[in-house]
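Chemist: File upload.cif follows (mmCIF, C-alpha atoms):
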```cif
data_entry
loop_
_atom_site.label_atom_id
_atom_site.label_comp_id
_atom_site.auth_asym_id
_atom_site.auth_seq_id
_atom_site.Cartn_x
_atom_site.Cartn_y
_atom_site.Cartn_z
CA ASN A 1 143.33 122.18 153.74
CA GLN A 2 143.37 119.00 155.69
CA ARG A 3 141.84 118.99 159.13
CA LEU A 4 141.61 116.42 161.83
CA LEU A 5 138.20 115.14 162.79
CA GLU A 6 137.31 115.20 166.46
CA PHE A 7 135.44 112.35 168.10
CA ASP A 8 133.85 111.84 171.49
CA PHE A 9 135.27 108.64 172.91
CA ILE A 10 133.51 106.38 175.36
CA ILE A 11 135.91 104.38 177.44
CA THR A 12 134.75 100.86 178.05
CA LYS A 13 136.32 97.49 178.58
CA ILE A 14 136.27 95.26 175.51
CA TYR A 15 136.19 91.52 175.91
CA PRO A 16 137.70 89.34 173.17
CA THR A 17 134.50 87.45 172.47
CA PRO A 18 134.29 85.33 169.30
CA LYS A 19 131.96 87.95 167.80
CA PHE A 20 134.43 90.78 168.53
CA VAL A 21 137.39 88.81 167.13
CA SER A 22 135.37 87.96 164.02
CA LEU A 23 134.46 91.64 163.57
CA VAL A 24 138.13 92.74 163.83
CA GLU A 25 139.27 90.01 161.41
CA SER A 26 136.54 91.01 158.97
CA PHE A 27 137.57 94.66 159.19
CA GLU A 28 141.23 93.83 158.54
CA LYS A 29 140.40 91.60 155.58
CA ASN A 30 138.29 94.32 154.03
CA GLU A 31 140.52 97.30 154.74
CA ILE A 32 144.02 96.09 153.97
CA ILE A 33 145.05 97.01 150.47
CA ASN A 34 147.10 94.28 148.86
CA GLN A 35 146.85 95.29 145.21
CA TYR A 36 148.84 98.17 143.80
CA LYS A 37 149.36 99.83 140.45
CA VAL A 38 152.53 101.76 139.78
CA GLY A 39 153.42 103.78 136.69
CA VAL A 40 156.76 103.44 134.87
CA LEU A 41 157.90 106.15 132.48
CA LEU A 42 161.11 106.45 130.46
CA CYS A 43 162.80 109.88 130.41
CA LYS A 44 165.46 110.27 127.73
CA ASN A 45 167.97 113.09 127.42
CA GLY A 46 166.27 116.16 125.98
CA GLN A 47 162.84 115.17 127.33
CA GLU A 48 163.24 116.38 130.90
CA ASN A 49 160.88 119.36 130.55
CA ASP A 50 158.16 117.81 128.37
CA GLU A 51 155.91 115.05 129.64
CA ASN A 52 154.44 114.56 126.16
CA LEU A 53 157.86 113.54 124.84
CA MET A 54 158.26 111.05 127.72
CA TYR A 55 154.80 109.57 127.16
CA GLY A 56 155.58 109.38 123.44
CA ASN A 57 158.59 107.07 123.79
CA THR A 58 158.36 103.96 121.65
CA GLU A 59 162.07 103.10 121.53
CA THR A 60 163.67 101.90 124.76
CA THR A 61 167.22 101.23 125.92
CA PRO A 62 168.91 98.00 127.08
CA GLN A 63 169.28 99.47 130.58
CA TYR A 64 165.57 100.30 130.71
CA GLU A 65 164.65 96.79 129.54
CA GLU A 66 166.98 95.30 132.18
CA PHE A 67 165.25 97.43 134.83
CA LEU A 68 161.80 96.27 133.68
CA ASP A 69 162.96 92.65 133.93
CA TRP A 70 164.19 93.36 137.46
CA LEU A 71 160.83 94.91 138.44
CA GLY A 72 158.76 91.84 137.66
CA ASP A 73 157.59 89.31 135.14
CA ARG A 74 156.39 90.14 131.66
CA ILE A 75 152.87 88.77 131.53
CA LYS A 76 150.43 88.46 128.66
CA LEU A 77 147.34 90.43 129.61
CA GLU A 78 145.01 88.01 127.86
CA ASP A 79 146.31 85.08 129.95
CA HIS A 80 146.78 86.90 133.26
CA THR A 81 144.36 85.88 136.01
CA GLY A 82 145.75 88.02 138.85
CA PHE A 83 145.27 91.71 139.64
CA ASN A 84 145.16 93.65 136.36
CA GLY A 85 145.54 97.18 137.72
CA GLY A 86 142.78 98.42 135.44
CA LEU A 87 144.52 97.23 132.27
CA SER A 88 142.20 95.83 129.64
CA LYS A 89 143.34 92.90 127.55
CA ASN A 90 141.37 94.41 124.67
CA TYR A 91 142.71 97.98 124.68
CA ASP A 92 145.89 98.31 126.74
CA GLY A 93 148.40 96.26 124.81
CA GLU A 94 149.48 92.66 124.99
CA VAL A 95 152.12 92.63 127.73
CA SER A 96 152.76 94.31 131.07
CA ILE A 97 155.01 93.91 134.09
CA TYR A 98 153.54 92.18 137.16
CA THR A 99 154.97 90.92 140.42
CA THR A 100 153.98 89.73 143.85
CA TYR A 101 155.72 90.63 147.08
CA LYS A 102 154.69 88.94 150.31
CA ASN A 103 150.87 89.16 150.18
CA MET A 104 150.75 91.99 147.65
CA GLU A 105 150.14 92.07 143.91
CA ILE A 106 151.70 94.88 141.88
CA MET A 107 150.78 95.69 138.30
CA PHE A 108 153.05 98.17 136.58
CA HIS A 109 151.59 100.59 134.04
CA VAL A 110 154.61 100.75 131.74
CA SER A 111 154.23 103.58 129.25
CA THR A 112 156.34 101.91 126.56
CA LEU A 113 154.25 98.73 126.77
CA LEU A 114 150.94 100.57 126.43
CA PRO A 115 149.62 101.25 122.92
CA PHE A 116 151.08 104.27 121.09
CA ASP A 117 148.77 106.53 119.08
CA GLU A 118 150.73 108.45 116.46
CA ASP A 119 147.82 110.89 116.04
CA ASP A 120 147.80 111.84 119.74
CA GLU A 121 150.68 114.12 120.75
CA GLN A 122 149.71 113.85 124.44
CA GLN A 123 149.28 110.03 124.42
CA LEU A 124 146.11 110.30 126.52
CA ASP A 125 145.57 106.54 126.60
CA ARG A 126 148.94 106.14 128.29
CA LYS A 127 148.34 109.11 130.58
CA LYS A 128 144.97 107.77 131.73
CA HIS A 129 146.83 104.97 133.49
CA LEU A 130 150.06 106.59 134.70
CA GLY A 131 148.36 109.90 135.50
CA ASN A 132 146.02 108.09 137.88
CA ASP A 133 148.74 106.15 139.68
CA ILE A 134 149.69 107.41 143.13
CA VAL A 135 153.29 106.29 142.55
CA ASN A 136 155.23 106.72 139.32
CA ILE A 137 158.73 105.43 138.66
CA ILE A 138 160.70 107.64 136.30
CA PHE A 139 163.59 105.76 134.68
CA LYS A 140 165.93 108.44 133.40
CA GLU A 141 168.95 108.08 131.18
CA PRO A 142 172.29 108.95 132.79
CA GLY A 143 172.88 112.69 132.72
CA CYS A 144 169.23 113.52 132.12
CA LYS A 145 168.05 116.36 134.39
CA PHE A 146 164.54 115.24 135.30
CA ASN A 147 162.11 118.08 136.05
CA ILE A 148 159.16 117.17 138.27
CA LYS A 149 157.37 120.35 137.17
CA ALA A 150 156.98 118.86 133.69
CA PHE A 151 154.02 116.83 134.97
CA ALA A 152 150.50 118.19 135.14
CA THR A 153 148.84 115.65 137.41
CA GLN A 154 146.91 116.10 140.59
CA PHE A 155 146.79 112.42 141.42
CA THR A 156 150.40 111.22 141.49
CA HIS A 157 151.77 111.75 144.98
CA VAL A 158 155.20 110.10 144.80
CA TYR A 159 157.83 109.95 142.07
CA ILE A 160 160.68 107.48 142.35
CA ILE A 161 163.46 108.58 140.05
CA ILE A 162 165.82 105.81 138.91
CA GLU A 163 169.10 106.36 137.09
CA PRO A 164 171.24 103.39 136.03
CA HIS A 165 174.92 103.38 136.93
CA ILE A 166 177.36 100.81 135.52
CA ASP A 167 180.45 99.92 137.53
CA ASN A 168 182.78 97.10 136.43
CA GLY A 169 180.04 95.63 134.25
CA GLU A 170 177.49 95.58 137.09
CA THR A 171 174.34 97.70 136.95
CA TYR A 172 173.44 99.72 140.02
CA TYR A 173 170.67 102.26 140.40
CA LYS A 174 170.76 105.75 141.82
CA ILE A 175 167.42 106.41 143.46
CA ALA A 176 165.78 109.70 144.41
CA THR A 177 162.23 110.48 145.44
CA ALA A 178 159.99 113.49 145.07
CA ASN A 179 156.53 113.85 146.49
CA ILE A 180 153.75 116.31 147.11
CA SER A 181 153.84 118.12 150.45
CA THR A 182 150.95 116.17 152.01
CA VAL A 183 152.83 112.85 151.84
CA LEU A 184 154.17 111.89 155.25
CA PRO A 185 157.92 111.20 155.57
CA TYR A 186 158.99 107.70 154.57
CA GLY A 187 162.25 105.77 154.51
CA PRO A 188 164.85 104.76 153.93
CA TYR A 189 166.73 107.32 155.99
#
```
Starting from the coordinates I provided, produce the structure as structure tokens.
Modeler:
Amino acid sequence: NQRLLEFDFIITKIYPTPKFVSLVESFEKNEIINQYKVGVLLCKNGQENDENLMYGNTETTPQYEEFLDWLGDRIKLEDHTGFNGGLSKNYDGEVSIYTTYKNMEIMFHVSTLLPFDEDDEQQLDRKKHLGNDIVNIIFKEPGCKFNIKAFATQFTHVYIIIEPHIDNGETYYKIATANISTVLPYGPY
């Protein structure tokens, strides 16, 4: 139920005075988002219909580790001085994946790097981060039939599904996306 707001516009000529330019620059500095948090979740064969199994992964694969290394740098949370994406150095593990791109900082909430609680079948501490990320990357093992309906989140808007493909010793990635209906179309096309 989204609706457009209607405004009454007054048409006037705007002069680029120093005060106006300063106001526009201030608005842009305050409104441009340059810090992002993105979830990363490993989906193994047999887990495609159960988010709890995916959140419960503690063992990874060499291809998954290679992908994490490609995403960014492994940083120690206690030493990191950049954007932390809401990760606490006291509660959310020792290491995460972080990168910068142009003017942006990206902190990845990697489920397998977040603490595992063997007494919590749902892994709520992991879900509190990934479940509140607008974008989640699902790294699925080859042949795994990922099911988007396995997730019970109202906050994640976009899923980027990654599947590794090896050809002549080189790793390539098959990429698919899934999103909620209110997300506007995006590339590449």
Chemist: Could you list, as an MDAnalysis selection string, every residue matched by the PyMOL selection byres ((chain A and resi 179) around 9) in this structure?
Modeler: chainID A and resid 156:160 177:178 180:183
Chemist: The PyMOL selection byres ((chain A and resi 34) around 8) - which residues does that actually catch in the file I just gave you? List them as JSON, numbers by chain.
Modeler: {"A": [32, 33, 35, 36, 103, 104, 105]}
Chemist: Measuring atom to atom with only C-alpha atoms, identify which of A:Glu66, A:Gly93, A:Tyr98, A:Gln154 is nearest to Thr81 (chain A).
Modeler: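 Of the candidates, the smallest distance to Thr81 (chain A) is held by A:Tyr98.
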Chemist: Take the PyMOL selection byres ((chain A and resi 148) around 10), run it mentally on this structure, and tell me the resulting residues as a ChimeraX atom specification.
Modeler: /A:48-51,138,145-147,149-152,159,161,178-179
Chemist: Just the selected residues (C-alpha atoms), exported as a short mmCIF file (atom, residue, chain, number, x, y, z; two decimals), keeping the file's coordinate frame, please.
Modeler:
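So again_37.cif came out as:
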```cif
data_model
loop_
_atom_site.label_atom_id
_atom_site.label_comp_id
_atom_site.auth_asym_id
_atom_site.auth_seq_id
_atom_site.Cartn_x
_atom_site.Cartn_y
_atom_site.Cartn_z
CA GLU A 48 163.24 116.38 130.90
CA ASN A 49 160.88 119.36 130.55
CA ASP A 50 158.16 117.81 128.37
CA GLU A 51 155.91 115.05 129.64
CA ILE A 138 160.70 107.64 136.30
CA LYS A 145 168.05 116.36 134.39
CA PHE A 146 164.54 115.24 135.30
CA ASN A 147 162.11 118.08 136.05
CA LYS A 149 157.37 120.35 137.17
CA ALA A 150 156.98 118.86 133.69
CA PHE A 151 154.02 116.83 134.97
CA ALA A 152 150.50 118.19 135.14
CA TYR A 159 157.83 109.95 142.07
CA ILE A 161 163.46 108.58 140.05
CA ALA A 178 159.99 113.49 145.07
CA ASN A 179 156.53 113.85 146.49
#
```
Chemist: To one decimal in Å, tell me the separation between CA of Val135 (chain A) and CA of Gly39 (chain A).
Modeler: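 Those two atoms sit 6.4 Å apart.
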